[in-house]
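Reproduced below: model.txt, with compact mmCIF, C-alpha atoms and all ligand atoms.
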# COMPACT_ATOMS: atom_id res chain seq x y z
CA MET A 4 93.92 92.97 172.90
CA ASP A 5 95.71 95.95 174.35
CA LEU A 6 94.26 99.43 174.29
CA LYS A 7 96.77 100.78 171.79
CA GLN A 8 95.88 98.07 169.32
CA LEU A 9 92.16 98.63 169.86
CA TYR A 10 92.56 102.38 169.26
CA GLN A 11 94.55 101.73 166.10
CA ASP A 12 91.90 99.35 164.80
CA ILE A 13 89.14 101.91 165.39
CA ILE A 14 91.06 104.60 163.48
CA LEU A 15 91.87 102.28 160.59
CA GLU A 16 88.30 101.07 160.37
CA HIS A 17 86.79 104.57 160.42
CA GLY A 18 89.47 105.82 158.01
CA LYS A 19 88.62 103.05 155.57
CA SER A 20 84.85 103.30 155.77
CA PRO A 21 83.94 106.74 157.10
CA ARG A 22 80.45 107.15 158.57
CA ASN A 23 78.12 109.92 157.40
CA PHE A 24 80.15 110.61 154.28
CA GLY A 25 78.53 112.90 151.70
CA LYS A 26 76.02 115.74 151.89
CA CYS A 27 73.29 115.04 154.41
CA ALA A 28 69.70 115.74 153.39
CA GLY A 29 68.34 119.14 154.33
CA HIS A 30 71.64 120.60 155.53
CA ASN A 31 71.30 124.29 156.31
CA HIS A 32 74.86 125.04 157.45
CA GLU A 33 78.24 124.08 156.12
CA ALA A 34 81.89 124.94 156.51
CA LYS A 35 85.18 124.01 154.95
CA GLY A 36 88.46 123.28 156.62
CA TYR A 37 92.02 122.85 155.42
CA ASN A 38 95.15 121.61 157.10
CA PRO A 39 98.04 122.79 154.91
CA LEU A 40 100.66 120.89 156.89
CA CYS A 41 99.23 117.53 155.87
CA GLY A 42 96.96 118.47 152.98
CA ASP A 43 93.75 117.34 154.71
CA LYS A 44 90.55 118.90 153.43
CA VAL A 45 87.12 118.61 154.96
CA HIS A 46 83.69 119.96 154.20
CA VAL A 47 81.17 119.63 157.02
CA TYR A 48 77.42 119.68 156.38
CA LEU A 49 75.07 120.36 159.22
CA LYS A 50 71.33 120.36 159.63
CA LEU A 51 70.31 122.42 162.63
CA GLY A 52 66.77 121.51 163.71
CA GLU A 53 63.98 123.69 165.05
CA GLY A 54 65.38 123.61 168.57
CA ASN A 55 68.91 124.27 167.33
CA GLU A 56 69.83 120.60 167.83
CA LEU A 57 72.33 118.98 165.45
CA GLU A 58 69.75 116.90 163.67
CA ASN A 59 72.15 115.67 161.02
CA VAL A 60 75.89 115.99 160.50
CA SER A 61 77.94 114.69 157.61
CA PHE A 62 81.18 115.42 155.83
CA GLU A 63 83.14 115.08 152.66
CA GLY A 64 86.87 115.19 152.59
CA GLU A 65 90.20 113.80 151.61
CA GLY A 66 93.34 113.38 153.58
CA CYS A 67 95.17 111.08 155.92
CA ALA A 68 93.56 108.24 157.88
CA ILE A 69 93.59 110.28 161.10
CA SER A 70 91.69 113.21 159.59
CA LEU A 71 89.08 110.94 158.00
CA ALA A 72 88.68 108.75 161.08
CA SER A 73 88.34 111.79 163.31
CA ALA A 74 85.64 113.34 161.09
CA SER A 75 83.82 110.01 160.91
CA ILE A 76 83.89 109.50 164.68
CA MET A 77 82.83 113.11 165.24
CA THR A 78 79.74 112.88 163.03
CA ASP A 79 78.87 109.57 164.64
CA LEU A 80 78.97 111.01 168.17
CA ILE A 81 77.48 114.43 167.55
CA LYS A 82 74.52 113.51 165.37
CA GLY A 83 71.25 114.10 167.19
CA LYS A 84 72.79 115.98 170.14
CA SER A 85 71.63 119.38 171.35
CA PHE A 86 73.66 122.49 170.57
CA GLU A 87 74.95 122.79 174.16
CA VAL A 88 75.84 119.11 174.53
CA SER A 89 77.63 119.18 171.16
CA LYS A 90 79.72 122.15 172.24
CA GLU A 91 80.61 120.39 175.45
CA ILE A 92 81.72 117.23 173.62
CA ILE A 93 83.74 119.27 171.10
CA ASN A 94 85.54 121.18 173.87
CA ASP A 95 86.14 117.95 175.73
CA PHE A 96 87.67 116.40 172.63
CA LEU A 97 89.89 119.39 171.87
CA LYS A 98 91.14 119.37 175.46
CA MET A 99 91.74 115.64 175.35
CA VAL A 100 93.92 115.64 172.20
CA LYS A 101 96.01 118.52 173.50
CA SER A 102 96.46 117.98 177.20
CA SER A 103 93.97 116.11 179.33
CA SER A 104 94.10 112.35 179.57
CA GLU A 105 90.41 111.60 179.54
CA ILE A 106 86.96 112.58 178.37
CA SER A 107 84.86 113.96 181.19
CA SER A 108 81.55 114.39 179.35
CA ASN A 109 78.52 112.73 180.89
CA ASN A 110 76.82 112.78 177.53
CA LEU A 111 78.76 109.92 175.98
CA ASP A 112 78.43 106.24 176.80
CA ASN A 113 81.48 104.03 177.32
CA ASP A 114 81.50 102.79 173.75
CA GLN A 115 81.47 106.36 172.46
CA LYS A 116 84.21 107.35 174.90
CA THR A 117 86.38 104.52 173.60
CA LYS A 118 85.86 105.76 170.04
CA ILE A 119 86.81 109.31 170.91
CA MET A 120 89.77 108.15 173.02
CA SER A 121 91.12 106.20 170.04
CA LEU A 122 92.42 109.57 168.84
CA SER A 123 94.30 110.26 172.08
CA GLY A 124 97.56 108.91 170.63
CA VAL A 125 98.02 112.01 168.47
CA LYS A 126 98.93 114.02 171.57
CA GLN A 127 102.59 113.05 171.20
CA PHE A 128 102.63 114.30 167.61
CA PRO A 129 101.73 118.00 167.26
CA MET A 130 101.41 117.69 163.46
CA ARG A 131 98.87 114.90 163.88
CA VAL A 132 96.86 116.92 166.40
CA LYS A 133 95.95 119.22 163.51
CA CYS A 134 94.79 116.28 161.43
CA ALA A 135 92.59 115.12 164.31
CA THR A 136 91.12 118.51 165.20
CA LEU A 137 90.48 119.84 161.68
CA SER A 138 86.94 118.49 161.28
CA TRP A 139 86.01 119.50 164.85
CA HIS A 140 87.07 123.12 164.30
CA THR A 141 85.20 123.03 161.01
CA LEU A 142 82.04 121.78 162.71
CA VAL A 143 82.27 124.67 165.21
CA SER A 144 82.54 127.04 162.27
CA ALA A 145 79.41 125.51 160.69
CA MET A 146 77.55 125.77 164.01
CA ASN A 147 78.55 129.42 164.32
CA LYS A 148 77.67 130.11 160.69
CA GLU A 149 81.10 131.51 159.95
CA LYS A 150 81.98 132.18 156.36
CA ASP A 151 85.76 131.80 156.31
CA GLU A 152 87.48 128.52 155.64
CA VAL A 153 89.01 127.00 158.77
CA ASN A 154 92.76 126.80 158.49
CA THR A 155 94.62 124.81 161.14
CA GLU A 156 97.55 127.20 160.83
CA LYS A 157 95.34 130.06 161.96
CA THR A 158 93.49 128.50 164.90
ZN ZN B 1 96.49 114.60 158.13

For the file at hand, write its structure as structure tokens.
Ligand code: ZN
Amino acid sequence: MDLKQLYQDIILEHGKSPRNFGKCAGHNHEAKGYNPLCGDKVHVYLKLGEGNELENVSFEGEGCAISLASASIMTDLIKGKSFEVSKEIINDFLKMVKSSSEISSNNLDNDQKTKIMSLSGVKQFPMRVKCATLSWHTLVSAMNKEKDEVNTEKT
């Protein structure tokens, strides 16, 4: 199986059965995001623990397969990570879908890197980049306790 096919399968699978969908128990932060170009909507729920770690992360949303798969993969990878490590992974992801060709984080295993890299194909399609990054920007907003809705046309 070639890499392109593998990446496509991961996106389709996560888009069809998103992980961590719904409101997670005990969430104490949340944020909404909207991508007007595609119509994707996402609502991220976050439970920050005593040590500021991302104890639980979940989302609700509707939109294209890319936006759902990206949110699903994000919650999967970020759940349980410390605040600093989460920020590093988020920045790494945002860099990867825009310019860089790989994920440099030491905090992801190979399987997790493959999952995150499955979204690398959007780089050639600027419209799709917004679908892929929506939930990640929204998670940052939840982490920073911002009140405004994230809008991909304003980031
Ligand atoms: Zn979309």

At a cut-off of 12 Å around ligand ZN 1 (chain B), and using all atoms listed in the file, what residues come up? Please write them as a tab-separated table (two decimals) with C-alpha atoms, keeping the file's coordinate frame.
chain	number	residue	atom	x	y	z
A	18	GLY	CA	89.47	105.82	158.01
A	36	GLY	CA	88.46	123.28	156.62
A	37	TYR	CA	92.02	122.85	155.42
A	38	ASN	CA	95.15	121.61	157.10
A	39	PRO	CA	98.04	122.79	154.91
A	40	LEU	CA	100.66	120.89	156.89
A	41	CYS	CA	99.23	117.53	155.87
A	42	GLY	CA	96.96	118.47	152.98
A	43	ASP	CA	93.75	117.34	154.71
A	44	LYS	CA	90.55	118.90	153.43
A	45	VAL	CA	87.12	118.61	154.96
A	64	GLY	CA	86.87	115.19	152.59
A	65	GLU	CA	90.20	113.80	151.61
A	66	GLY	CA	93.34	113.38	153.58
A	67	CYS	CA	95.17	111.08	155.92
A	68	ALA	CA	93.56	108.24	157.88
A	69	ILE	CA	93.59	110.28	161.10
A	70	SER	CA	91.69	113.21	159.59
A	71	LEU	CA	89.08	110.94	158.00
A	72	ALA	CA	88.68	108.75	161.08
A	73	SER	CA	88.34	111.79	163.31
A	74	ALA	CA	85.64	113.34	161.09
A	125	VAL	CA	98.02	112.01	168.47
A	128	PHE	CA	102.63	114.30	167.61
A	129	PRO	CA	101.73	118.00	167.26
A	130	MET	CA	101.41	117.69	163.46
A	131	ARG	CA	98.87	114.90	163.88
A	132	VAL	CA	96.86	116.92	166.40
A	133	LYS	CA	95.95	119.22	163.51
A	134	CYS	CA	94.79	116.28	161.43
A	135	ALA	CA	92.59	115.12	164.31
A	136	THR	CA	91.12	118.51	165.20
A	137	LEU	CA	90.48	119.84	161.68
A	138	SER	CA	86.94	118.49	161.28
A	155	THR	CA	94.62	124.81	161.14

Problem set entry | Residue nearest Lys90 (chain A) - candidates A:Gln115, A:Asn147, A:Asn23, A:Asn154, atoms counted: all atoms listed in the file | A:Asn147

Exercise. For Lys126 (chain A), which residue among A:Ser85, A:Ser104, A:Asn55, A:Ser75 is the nearest when counting all atoms listed in the file?
Worked result: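 For Lys126 (chain A), the nearest of the given residues is A:Ser104.
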
Exercise. Residues at most 9 Å from Leu97 (chain A), counting only C-alpha atoms, excluding those fewer than 4 positions away in the same chain, as a PyMOL selection string?
Worked result: chain A and resi 92-93+101-102+136+139-140

Exercise. In Å, how far is it from CA of Lys157 (chain A) to CA of His46 (chain A)?
Worked result: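 CA of Lys157 (chain A) sits 17.3 Å away from CA of His46 (chain A).
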
Exercise. Between A:Lys19, A:Lys148, A:Lys26, A:Lys50, which has the minimum distance to Lys82 (chain A) (counting all atoms listed in the file)?
Worked result: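 For Lys82 (chain A), the nearest of the given residues is A:Lys50.
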
Against region 142-145 of chain A, which residues of region 25-51 of chain A fall within 8 Å? For each one I want the closest pair of atoms and the distance in Å (one decimal), counting all atoms listed in the file, rows by chain and increasing residue number, as JSON lines.
{"residue": "A:His32", "atom": "CA", "partner": "A:Ala145", "partner_atom": "CA", "distance": 5.6}
{"residue": "A:Glu33", "atom": "CA", "partner": "A:Ala145", "partner_atom": "CA", "distance": 4.9}
{"residue": "A:Ala34", "atom": "CA", "partner": "A:Ala145", "partner_atom": "CA", "distance": 4.9}
{"residue": "A:Val47", "atom": "CA", "partner": "A:Leu142", "partner_atom": "CA", "distance": 6.1}
{"residue": "A:Tyr48", "atom": "CA", "partner": "A:Ala145", "partner_atom": "CA", "distance": 7.5}
{"residue": "A:Leu49", "atom": "CA", "partner": "A:Ala145", "partner_atom": "CA", "distance": 6.9}

Exercise. A:Asp151, A:Ile81, A:Asp95, A:Leu122: which is nearest Leu15 (chain A), counting all atoms listed in the file?
Worked result: A:Leu122

Do you know which residues are at most 12 Å from region 107-109 of chain A counting all atoms listed in the file, after dropping those on the same chain fewer than 2 positions away, and could you put them as a PDB file with C-alpha atoms, in the frame of the given file?
ATOM      1  CA  LEU A  80      78.970 111.010 168.170  1.00  0.00           C
ATOM      2  CA  GLU A  87      74.950 122.790 174.160  1.00  0.00           C
ATOM      3  CA  VAL A  88      75.840 119.110 174.530  1.00  0.00           C
ATOM      4  CA  SER A  89      77.630 119.180 171.160  1.00  0.00           C
ATOM      5  CA  LYS A  90      79.720 122.150 172.240  1.00  0.00           C
ATOM      6  CA  GLU A  91      80.610 120.390 175.450  1.00  0.00           C
ATOM      7  CA  ILE A  92      81.720 117.230 173.620  1.00  0.00           C
ATOM      8  CA  ILE A  93      83.740 119.270 171.100  1.00  0.00           C
ATOM      9  CA  ASN A  94      85.540 121.180 173.870  1.00  0.00           C
ATOM     10  CA  ASP A  95      86.140 117.950 175.730  1.00  0.00           C
ATOM     11  CA  PHE A  96      87.670 116.400 172.630  1.00  0.00           C
ATOM     12  CA  LEU A  97      89.890 119.390 171.870  1.00  0.00           C
ATOM     13  CA  LYS A  98      91.140 119.370 175.460  1.00  0.00           C
ATOM     14  CA  MET A  99      91.740 115.640 175.350  1.00  0.00           C
ATOM     15  CA  SER A 103      93.970 116.110 179.330  1.00  0.00           C
ATOM     16  CA  SER A 104      94.100 112.350 179.570  1.00  0.00           C
ATOM     17  CA  GLU A 105      90.410 111.600 179.540  1.00  0.00           C
ATOM     18  CA  LEU A 111      78.760 109.920 175.980  1.00  0.00           C
ATOM     19  CA  ASP A 112      78.430 106.240 176.800  1.00  0.00           C
ATOM     20  CA  ASN A 113      81.480 104.030 177.320  1.00  0.00           C
ATOM     21  CA  GLN A 115      81.470 106.360 172.460  1.00  0.00           C
ATOM     22  CA  LYS A 116      84.210 107.350 174.900  1.00  0.00           C
ATOM     23  CA  ILE A 119      86.810 109.310 170.910  1.00  0.00           C
ATOM     24  CA  MET A 120      89.770 108.150 173.020  1.00  0.00           C
TER      25      MET A 120
END

What are the centre and the three edge lengths of an axis-aligned box that wraps all atoms of region 66-70 of chain A in the file, given that 8 Å is added to every side, written as lines of an AutoDock Vina configuration file and rounded to one decimal in Å?
center_x = 93.4
center_y = 110.8
center_z = 157.3
size_x = 19.5
size_y = 21.1
size_z = 23.5

Problem set entry | Among the residues A:Leu57, A:Leu9, A:Val153, A:Ala28, the one that comes closest to Gly124 (chain A) [using all atoms listed in the file] |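 Ranking A:Leu57, A:Leu9, A:Val153, A:Ala28 by distance to Gly124 (chain A), first place goes to A:Leu9.
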